[in-house]
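> Data: start_13.cif, mmCIF, C-alpha atoms.
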```cif
data_query
loop_
_atom_site.label_atom_id
_atom_site.label_comp_id
_atom_site.auth_asym_id
_atom_site.auth_seq_id
_atom_site.Cartn_x
_atom_site.Cartn_y
_atom_site.Cartn_z
CA MET A 28 -168.42 122.88 94.82
CA THR A 29 -165.14 124.06 96.33
CA ALA A 30 -164.09 127.68 96.00
CA PRO A 31 -161.75 128.38 93.09
CA THR A 32 -158.07 128.58 93.98
CA ALA A 33 -155.72 131.37 92.95
CA SER A 34 -154.19 129.15 90.27
CA SER A 35 -157.60 128.27 88.81
CA ARG A 36 -158.59 131.95 88.75
CA LEU A 37 -155.33 132.80 87.00
CA GLN A 38 -155.95 129.97 84.56
CA LYS A 39 -159.45 131.19 83.75
CA THR A 40 -158.21 134.75 83.30
CA PHE A 41 -155.49 133.60 80.91
CA LEU A 42 -157.94 131.55 78.85
CA ARG A 43 -160.50 134.35 78.80
CA TYR A 44 -157.93 136.75 77.32
CA GLN A 45 -155.88 134.12 75.48
CA HIS A 46 -156.23 135.91 72.14
CA ILE A 47 -154.27 138.85 73.54
CA PHE A 48 -151.48 136.64 74.89
CA VAL A 49 -151.36 134.43 71.81
CA PHE A 50 -151.12 137.28 69.31
CA THR A 51 -148.63 139.16 71.49
CA ALA A 52 -146.19 136.24 71.27
CA PRO A 53 -145.49 136.50 67.50
CA VAL A 54 -145.25 140.30 67.76
CA VAL A 55 -142.59 139.97 70.45
CA PHE A 56 -140.87 137.20 68.45
CA VAL A 57 -140.76 139.22 65.22
CA ALA A 58 -139.54 142.31 67.07
CA ALA A 59 -136.77 140.29 68.71
CA VAL A 60 -135.77 138.81 65.35
CA LEU A 61 -135.64 142.24 63.68
CA LEU A 62 -133.59 143.72 66.51
CA PHE A 63 -131.28 140.93 67.64
CA ALA A 64 -131.19 137.91 65.30
CA PRO A 65 -127.96 137.28 63.37
CA THR A 66 -128.83 137.40 59.67
CA GLU A 67 -127.14 136.91 56.31
CA GLY A 68 -128.79 140.02 54.85
CA SER A 69 -130.34 143.33 55.79
CA GLY A 70 -132.61 146.09 54.55
CA THR A 71 -136.22 146.19 53.45
CA SER A 72 -135.68 143.93 50.44
CA TYR A 73 -134.25 141.18 52.67
CA TRP A 74 -137.04 141.27 55.26
CA LEU A 75 -139.87 141.42 52.69
CA GLU A 76 -138.43 138.82 50.30
CA TYR A 77 -140.76 136.02 51.50
CA TRP A 78 -143.94 137.97 52.32
CA TRP A 79 -145.87 135.59 50.04
CA LEU A 80 -145.28 132.72 52.50
CA PHE A 81 -147.91 134.20 54.83
CA PRO A 82 -151.04 133.07 52.91
CA PHE A 83 -149.58 129.60 52.26
CA PHE A 84 -148.77 129.05 55.93
CA LEU A 85 -152.06 130.59 57.08
CA LEU A 86 -154.00 128.10 54.95
CA GLY A 87 -151.75 125.20 55.93
CA ALA A 88 -151.91 125.99 59.65
CA THR A 89 -155.70 126.27 59.54
CA ILE A 90 -155.99 122.90 57.78
CA VAL A 91 -153.61 120.93 60.01
CA ASN A 92 -154.91 122.46 63.23
CA THR A 93 -158.53 121.84 62.20
CA VAL A 94 -157.86 118.10 61.86
CA GLY A 95 -155.38 117.95 64.75
CA ILE A 96 -152.20 116.88 62.93
CA SER A 97 -148.66 118.26 62.83
CA GLY A 98 -147.95 121.40 60.83
CA SER A 99 -144.91 119.81 59.25
CA ALA A 100 -147.21 117.29 57.58
CA LEU A 101 -148.03 120.07 55.11
CA PHE A 102 -145.10 122.46 55.55
CA VAL A 103 -142.41 119.91 54.66
CA PRO A 104 -144.14 118.82 51.40
CA PHE A 105 -144.71 122.51 50.60
CA PHE A 106 -141.02 123.30 50.89
CA ILE A 107 -140.07 120.19 48.93
CA PHE A 108 -142.57 120.41 46.07
CA ILE A 109 -143.95 123.97 45.82
CA PHE A 110 -141.33 126.35 47.24
CA PRO A 111 -138.71 125.44 44.58
CA LEU A 112 -141.21 126.38 41.84
CA LEU A 113 -141.65 129.86 43.34
CA ALA A 114 -138.11 130.45 44.58
CA TYR A 115 -135.32 127.84 44.75
CA PRO A 116 -134.62 124.44 46.32
CA ILE A 117 -133.63 124.54 49.98
CA GLY A 118 -131.79 121.91 52.00
CA PRO A 119 -133.12 119.60 54.72
CA GLU A 120 -131.48 121.59 57.51
CA THR A 121 -133.35 124.75 56.48
CA LEU A 122 -136.59 122.78 56.22
CA VAL A 123 -136.15 121.53 59.77
CA LYS A 124 -135.42 124.96 61.21
CA VAL A 125 -138.28 126.81 59.52
CA GLY A 126 -140.69 123.94 60.20
CA LEU A 127 -139.82 123.63 63.88
CA ILE A 128 -140.01 127.35 64.61
CA SER A 129 -143.28 127.85 62.72
CA GLU A 130 -144.93 124.67 64.02
CA SER A 131 -144.10 125.43 67.64
CA PHE A 132 -145.95 128.75 67.54
CA GLY A 133 -148.88 127.42 65.51
CA LEU A 134 -149.45 124.34 67.64
CA SER A 135 -149.23 126.28 70.88
CA SER A 136 -151.72 128.83 69.57
CA SER A 137 -154.20 126.21 68.45
CA ALA A 138 -153.82 124.10 71.60
CA ILE A 139 -154.74 127.08 73.77
CA ALA A 140 -157.68 127.87 71.51
CA PHE A 141 -159.03 124.31 71.77
CA ILE A 142 -158.63 124.39 75.57
CA ARG A 143 -160.59 127.64 75.64
CA TYR A 144 -163.23 126.04 73.45
CA GLY A 145 -163.61 123.15 75.92
CA LEU A 146 -162.49 120.38 73.54
CA VAL A 147 -159.42 119.00 75.36
CA ASP A 148 -159.46 115.93 77.62
CA ARG A 149 -156.51 116.67 79.92
CA ARG A 150 -156.28 113.18 81.46
CA LEU A 151 -156.21 111.56 78.04
CA ALA A 152 -153.65 114.08 76.79
CA LEU A 153 -151.30 113.57 79.74
CA THR A 154 -151.48 109.79 79.36
CA LEU A 155 -150.70 109.95 75.64
CA VAL A 156 -147.83 112.39 76.08
CA GLY A 157 -146.30 110.30 78.87
CA GLY A 158 -146.40 107.13 76.81
CA SER A 159 -145.01 108.85 73.71
CA VAL A 160 -141.94 110.54 75.23
CA PRO A 161 -139.40 107.67 74.94
CA PHE A 162 -140.46 106.95 71.35
CA VAL A 163 -140.17 110.62 70.36
CA ILE A 164 -136.66 110.83 71.81
CA GLY A 165 -135.68 107.54 70.16
CA GLY A 166 -137.04 108.66 66.79
CA ALA A 167 -135.23 111.99 67.01
CA LEU A 168 -131.93 110.23 67.68
CA LEU A 169 -132.64 107.70 64.91
CA SER A 170 -133.16 110.55 62.43
CA PHE A 171 -129.44 111.22 62.42
CA PHE A 172 -128.68 107.74 61.06
CA ILE A 173 -131.64 106.38 59.01
CA PRO A 174 -131.45 106.74 55.18
CA GLU A 175 -133.80 109.44 53.91
CA TRP A 176 -135.45 107.22 51.28
CA LEU A 177 -136.26 104.55 53.87
CA PHE A 178 -137.85 107.09 56.16
CA HIS A 179 -140.03 108.51 53.38
CA ALA A 180 -141.19 105.03 52.34
CA ALA A 181 -142.01 103.96 55.91
CA LEU A 182 -143.92 107.15 56.69
CA GLY A 183 -145.80 106.90 53.38
CA ALA A 184 -146.93 103.36 54.26
CA ALA A 185 -147.98 104.45 57.75
CA LEU A 186 -150.05 107.34 56.45
CA MET A 187 -151.67 105.20 53.74
CA THR A 188 -152.74 102.76 56.46
CA ALA A 189 -154.03 105.66 58.55
CA ALA A 190 -156.07 106.95 55.59
CA TYR A 191 -157.66 103.51 55.15
CA LEU A 192 -158.54 103.31 58.85
CA MET A 193 -159.97 106.82 58.74
CA PHE A 194 -162.34 105.98 55.90
CA LYS A 195 -163.40 102.75 57.68
CA ALA A 196 -163.84 104.31 61.14
CA ASP A 197 -167.40 104.57 62.49
CA LEU A 198 -167.79 108.11 63.78
CA ALA A 199 -171.55 108.09 64.33
CA HIS A 200 -171.09 107.97 68.10
CA GLU A 201 -169.39 111.31 68.27
CA GLU A 202 -172.10 113.78 67.38
CA PRO A 203 -172.93 116.23 70.18
CA ALA A 204 -176.41 115.99 71.60
CA ASP A 205 -178.90 118.42 70.12
CA ASP A 206 -180.91 120.65 72.41
CA ASP A 207 -183.30 122.79 70.40
CA ALA A 208 -184.65 124.39 73.55
CA GLU A 209 -181.20 125.68 74.45
CA THR A 210 -180.96 129.43 73.92
CA GLU A 211 -178.12 130.67 76.07
CA VAL A 212 -175.75 128.53 78.05
CA THR A 213 -172.21 128.51 79.35
CA ALA A 214 -170.10 125.43 79.90
CA ASP A 215 -169.84 126.18 83.62
CA GLY A 216 -173.57 126.09 84.08
CA GLY A 217 -175.96 129.01 84.21
CA PRO A 218 -179.55 130.06 84.53
CA GLU A 219 -180.71 127.97 81.57
CA ARG A 220 -179.20 124.60 82.42
CA ASP A 221 -177.34 122.74 85.15
CA LEU A 222 -174.31 121.43 83.28
CA PRO A 223 -171.73 118.96 84.61
CA ASP A 224 -168.74 120.68 86.13
CA ASP A 225 -165.36 119.77 87.64
CA ALA A 226 -163.71 122.24 89.98
CA GLY A 227 -160.25 121.00 88.96
CA LYS A 228 -160.83 121.19 85.21
CA LEU A 229 -158.48 122.78 82.69
CA GLY A 230 -160.33 125.44 80.76
CA PRO A 231 -163.98 126.49 80.84
CA ALA A 232 -165.61 123.28 79.59
CA GLY A 233 -167.79 121.33 81.99
CA VAL A 234 -166.83 117.68 82.43
CA GLU A 235 -168.11 114.87 84.62
CA ALA A 236 -166.70 111.35 85.07
CA ALA A 237 -169.20 108.72 86.21
CA ASP A 238 -168.24 105.74 88.40
CA ASP A 239 -168.56 103.38 85.41
CA GLY A 240 -165.96 105.38 83.45
CA GLN A 241 -168.42 107.23 81.22
CA ILE A 242 -167.35 110.82 80.49
CA THR A 243 -169.76 113.66 79.82
CA ARG A 244 -168.16 116.80 78.36
CA VAL A 245 -169.79 120.11 77.50
CA ASP A 246 -168.00 122.64 75.31
CA THR A 247 -168.32 126.42 75.50
CA GLN A 248 -171.26 126.37 73.10
CA GLY A 249 -173.19 123.93 75.26
CA ASP A 250 -172.72 120.89 72.97
CA THR A 251 -172.52 117.61 74.91
CA TYR A 252 -170.14 114.71 74.14
CA GLU A 253 -170.20 111.29 75.80
CA TYR A 254 -167.37 108.74 75.68
CA SER A 255 -165.07 106.66 77.90
CA TRP A 256 -161.33 106.43 78.59
CA SER A 257 -161.12 102.77 77.54
CA GLY A 258 -158.87 101.64 74.68
CA TYR A 259 -155.49 102.47 76.24
CA LEU A 260 -153.62 99.61 74.52
CA GLU A 261 -154.71 100.56 70.99
CA ARG A 262 -153.91 104.21 71.59
CA PHE A 263 -150.51 103.30 73.05
CA ALA A 264 -149.66 101.25 69.95
CA ASN A 265 -150.56 104.06 67.55
CA TYR A 266 -148.93 106.83 69.56
CA SER A 267 -145.71 104.86 70.03
CA VAL A 268 -145.32 104.37 66.28
CA GLY A 269 -146.43 107.94 65.63
CA GLY A 270 -144.08 109.22 68.32
CA THR A 271 -141.14 107.56 66.60
CA PHE A 272 -142.00 109.32 63.35
CA GLN A 273 -142.57 112.58 65.23
CA GLY A 274 -138.99 112.40 66.43
CA LEU A 275 -137.74 111.46 62.97
CA ALA A 276 -139.24 114.34 60.99
CA GLY A 277 -141.51 116.42 63.18
CA PHE A 278 -144.79 114.81 62.13
CA GLY A 279 -146.48 111.44 62.45
CA ILE A 280 -147.88 111.30 65.96
CA GLY A 281 -150.81 113.53 65.12
CA GLU A 282 -151.63 111.68 61.92
CA LEU A 283 -151.48 108.17 63.41
CA GLY A 284 -152.54 109.03 66.94
CA ILE A 285 -155.87 110.59 66.12
CA ILE A 286 -156.92 107.36 64.39
CA SER A 287 -156.66 105.44 67.68
CA GLN A 288 -158.77 108.04 69.49
CA LEU A 289 -161.50 107.83 66.88
CA ARG A 290 -161.42 104.03 66.87
CA THR A 291 -161.74 103.95 70.67
CA ASN A 292 -164.91 106.09 70.58
CA VAL A 293 -163.45 109.47 71.48
CA PRO A 294 -165.63 112.11 69.74
CA THR A 295 -163.98 113.67 66.69
CA ARG A 296 -163.82 117.23 68.01
CA VAL A 297 -162.55 116.11 71.43
CA ALA A 298 -159.97 113.87 69.73
CA ILE A 299 -158.78 116.77 67.57
CA GLY A 300 -158.52 119.14 70.53
CA THR A 301 -156.75 116.59 72.75
CA ASN A 302 -154.40 115.66 69.93
CA HIS A 303 -153.18 119.26 69.78
CA ILE A 304 -151.73 119.00 73.27
CA VAL A 305 -149.96 115.76 72.37
CA VAL A 306 -148.59 117.05 69.06
CA ALA A 307 -147.49 120.39 70.53
CA THR A 308 -145.68 118.80 73.48
CA THR A 309 -143.93 116.11 71.44
CA ALA A 310 -142.99 118.62 68.72
CA ILE A 311 -141.24 120.79 71.30
CA LEU A 312 -139.48 117.73 72.72
CA ALA A 313 -138.38 116.57 69.26
CA SER A 314 -137.16 120.09 68.49
CA ILE A 315 -134.97 120.16 71.58
CA VAL A 316 -133.38 116.82 70.67
CA HIS A 317 -132.81 117.90 67.06
CA VAL A 318 -131.24 121.19 68.08
CA PHE A 319 -129.00 120.03 70.91
CA ALA A 320 -128.18 116.39 70.11
CA GLY A 321 -125.34 117.48 67.83
CA SER A 322 -123.51 119.02 70.75
CA VAL A 323 -123.48 115.81 72.80
CA ILE A 324 -123.39 113.03 70.17
CA PRO A 325 -120.21 113.00 68.04
CA GLY A 326 -120.55 112.91 64.27
CA ILE A 327 -124.09 114.27 63.84
CA HIS A 328 -125.33 117.70 62.88
CA ALA A 329 -126.50 120.55 65.05
CA LEU A 330 -128.74 123.39 63.91
CA SER A 331 -127.04 126.78 63.48
CA ILE A 332 -128.98 129.79 64.69
CA ALA A 333 -126.88 132.12 62.55
CA SER A 334 -127.94 130.41 59.31
CA THR A 335 -131.67 130.44 60.10
CA PRO A 336 -133.69 132.17 57.33
CA TRP A 337 -135.21 134.75 59.65
CA ASN A 338 -136.80 136.63 56.74
CA MET A 339 -138.99 133.54 56.24
CA VAL A 340 -140.06 132.93 59.83
CA VAL A 341 -141.10 136.56 60.42
CA PHE A 342 -144.01 135.72 58.09
CA THR A 343 -144.56 132.02 58.81
CA VAL A 344 -144.83 132.45 62.59
CA PRO A 345 -147.66 135.05 62.53
CA ALA A 346 -149.41 132.96 59.86
CA THR A 347 -149.34 129.74 61.89
CA VAL A 348 -150.48 131.54 65.06
CA THR A 349 -153.44 133.03 63.20
CA GLY A 350 -154.31 129.71 61.60
CA GLY A 351 -154.16 128.02 64.99
CA GLN A 352 -156.75 130.44 66.37
CA ILE A 353 -159.07 130.00 63.38
CA ALA A 354 -158.97 126.18 63.52
CA PRO A 355 -161.38 125.54 66.45
CA TYR A 356 -164.10 127.57 64.76
CA VAL A 357 -163.59 125.75 61.46
CA SER A 358 -163.67 122.42 63.31
CA SER A 359 -166.92 123.35 65.03
CA ALA A 360 -168.53 124.53 61.79
CA LEU A 361 -167.72 121.39 59.76
CA ASP A 362 -169.78 118.23 60.17
CA THR A 363 -168.19 114.91 61.08
CA GLU A 364 -168.31 113.42 57.59
CA THR A 365 -166.50 116.44 56.13
CA ILE A 366 -163.76 116.22 58.74
CA GLN A 367 -163.42 112.47 58.26
CA THR A 368 -163.18 112.72 54.46
CA GLY A 369 -160.81 115.67 54.60
CA VAL A 370 -158.39 113.90 56.94
CA GLY A 371 -158.45 110.71 54.86
CA VAL A 372 -157.80 112.54 51.59
CA LEU A 373 -155.03 114.59 53.21
CA PHE A 374 -153.31 111.44 54.49
CA THR A 375 -153.56 109.83 51.04
CA LEU A 376 -152.05 112.80 49.22
CA ILE A 377 -149.17 113.10 51.68
CA SER A 378 -148.43 109.37 51.48
CA ILE A 379 -148.34 109.47 47.66
CA ALA A 380 -145.92 112.40 47.78
CA LEU A 381 -143.72 110.52 50.23
CA PHE A 382 -143.67 107.39 48.06
CA LEU A 383 -142.59 109.52 45.09
CA MET A 384 -139.83 111.06 47.19
CA ALA A 385 -138.66 107.63 48.33
CA SER A 386 -138.53 106.31 44.75
CA GLY A 387 -136.68 109.34 43.44
CA GLY A 388 -139.69 110.62 41.50
CA PHE A 389 -139.06 114.11 42.85
#
```
What does this structure look like when you write it as structure tokens?

Amino acid sequence: MTAPTASSRLQKTFLRYQHIFVFTAPVVFVAAVLLFAPTEGSGTSYWLEYWWLFPFFLLGATIVNTVGISGSALFVPFFIFIFPLLAYPIGPETLVKVGLISESFGLSSSAIAFIRYGLVDRRLALTLVGGSVPFVIGGALLSFFIPEWLFHAALGAALMTAAYLMFKADLAHEEPADDDAETEVTADGGPERDLPDDAGKLGPAGVEAADDGQITRVDTQGDTYEYSWSGYLERFANYSVGGTFQGLAGFGIGELGIISQLRTNVPTRVAIGTNHIVVATTAILASIVHVFAGSVIPGIHALSIASTPWNMVVFTVPATVTGGQIAPYVSSALDTETIQTGVGVLFTLISIALFLMASGGF
């Protein structure tokens, strides 16, 4: 095995202490907001007005990051259906701003945690991100022109289809191999077991690619997963459609994309971890288009930093970061059938809510 390079040593150090870096980010963000952000209010009452958002976003971030979907898949329905009951109705522009800021931190936190846990296939993630980029940009630009009711109806139909496919998917292949004799092991090998390893890997998980395309992956707990990289066409189809919806409203690629990974025999926990990289990257890309497109395309809106409800995000950002760190442990603790059922039910509930929105029921 070749000697580790300076970049790989730096990478390992970052991942080893990623909790420190991850939880420092929201602290710095909140401090910057309190000190420098332009606000429409001030004083203790202003900054503590939405403290109760923290538990809602903590639960939501843990759920969406456990199953590898976009945070906005729950945050947007929350602001549309639940927030008005506890406070007051808020407009779409505010929804977008709070959702984008909160989701960016939560997804980044969870993505790093899944990398540290050894459940991210970097080659698969890079391929999916590369194929999704033009569709994400196109969807983001389309969002400025498509009628809201049509978008809700289309996304509801897509998620209903995804729920059906989730319930029908055969996930038996994904279970990690049991090794009752295993007592102490690290994913980079050790005294107890000679595990597969790749000197150029991202994160601590051992991974080996055979000549026939079979992949063997070992996570940080020593669980082994076997799969292949085949199925590119099906994944491209799902991620292109999902990427369009990701650009439209900030969610869709995670919900539809993970189906194609499961149907092409990628293990559930590896699919969830890999999907985090895809969702996080495309969410940031969609955010950039949403924020800056108004300054270059005449006649469409641009987000105003001055009108951002900073007293909301000072609680939602720490909540989503914490939920993102909890998610890998929840994912590891739940069995495959629980994850499968939970994702399917979640898709069904969201699709029903979207159909009601499209029909004017809410």
> Show me, as an NGL selection string, the residues that have an atom within 12 Å of A:Phe110 when counting only C-alpha atoms, minus same-chain residues fewer than 5 positions from it.
:A and (77 or 79-80 or 83-84 or 102-105 or 115-118 or 122 or 339)
> In Å, with one decimal, what is the gap from atom CA of A:Glu282 to atom CA of A:Val163?
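So the two atoms, atom CA of A:Glu282 and atom CA of A:Val163, lie 14.3 Å apart.
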> What is the distance between atom CA of A:Phe108 and atom CA of A:Ile128, in Å to one decimal?
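Result for atom CA of A:Phe108 versus atom CA of A:Ile128: 20.0 Å, one decimal.
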> Just give me the gap between atom CA of A:Trp337 and atom CA of A:Trp74 in Å, one decimal is fine.
8.1 Å
> Around the point (-157.5, 106.8, 67.2) (coordinates from the file), which residues reach within 12 Å if we count all atoms listed in the file? Answer as a PyMOL selection string.
chain A and resi 95+151+155+189-190+192-193+195-198+257-266+269+280-295+297-299+301-302
> Just checking: using all atoms listed in the file, which residue out of A:Phe172, A:Phe50, A:Phe272, A:Phe106 ends up closest to A:Leu186?
A:Phe272
> Point out the residue among A:Thr271, A:Thr89, A:Gln248, A:Thr51 with the least atom-to-atom distance to A:Gly233, counting only C-alpha atoms.
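Using only C-alpha atoms, the shortest distance to A:Gly233 belongs to A:Gln248.
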> What are the closest atom pairs, with distances in Å to one decimal, for each residue of stretch 349-375 of chain A lying within 6 Å of stretch 137-141 of chain A, using only C-alpha atoms, rows by chain and rising residue number, as a tab-separated table?

```
residue	atom	partner	partner_atom	distance
A:Gly351	CA	A:Ser137	CA	3.9
A:Gln352	CA	A:Ser137	CA	5.4
A:Pro355	CA	A:Phe141	CA	5.9
```
> Could you check which of A:Leu169, A:Phe382, A:Gly68, A:Tyr144 is closest to A:Gln45, using only C-alpha atoms?
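Nearest candidate to A:Gln45 out of A:Leu169, A:Phe382, A:Gly68, A:Tyr144: A:Tyr144.
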> Check what the PyMOL selection byres ((chain A and resi 376-378) around 10) selects in the file above and give those residues as a list in words.
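Taken on the displayed file, the PyMOL selection byres ((chain A and resi 376-378) around 10) yields the residues Ala100, Leu101, Pro104, His179, Ala180, Ala181, Leu182, Gly183, Ala184, Ala185, Leu186, Met187, Thr188, Ala189, Ala190, Gly371, Val372, Leu373, Phe374, Thr375, Ile379, Ala380, Leu381, Phe382, Leu383 and Met384 of chain A.
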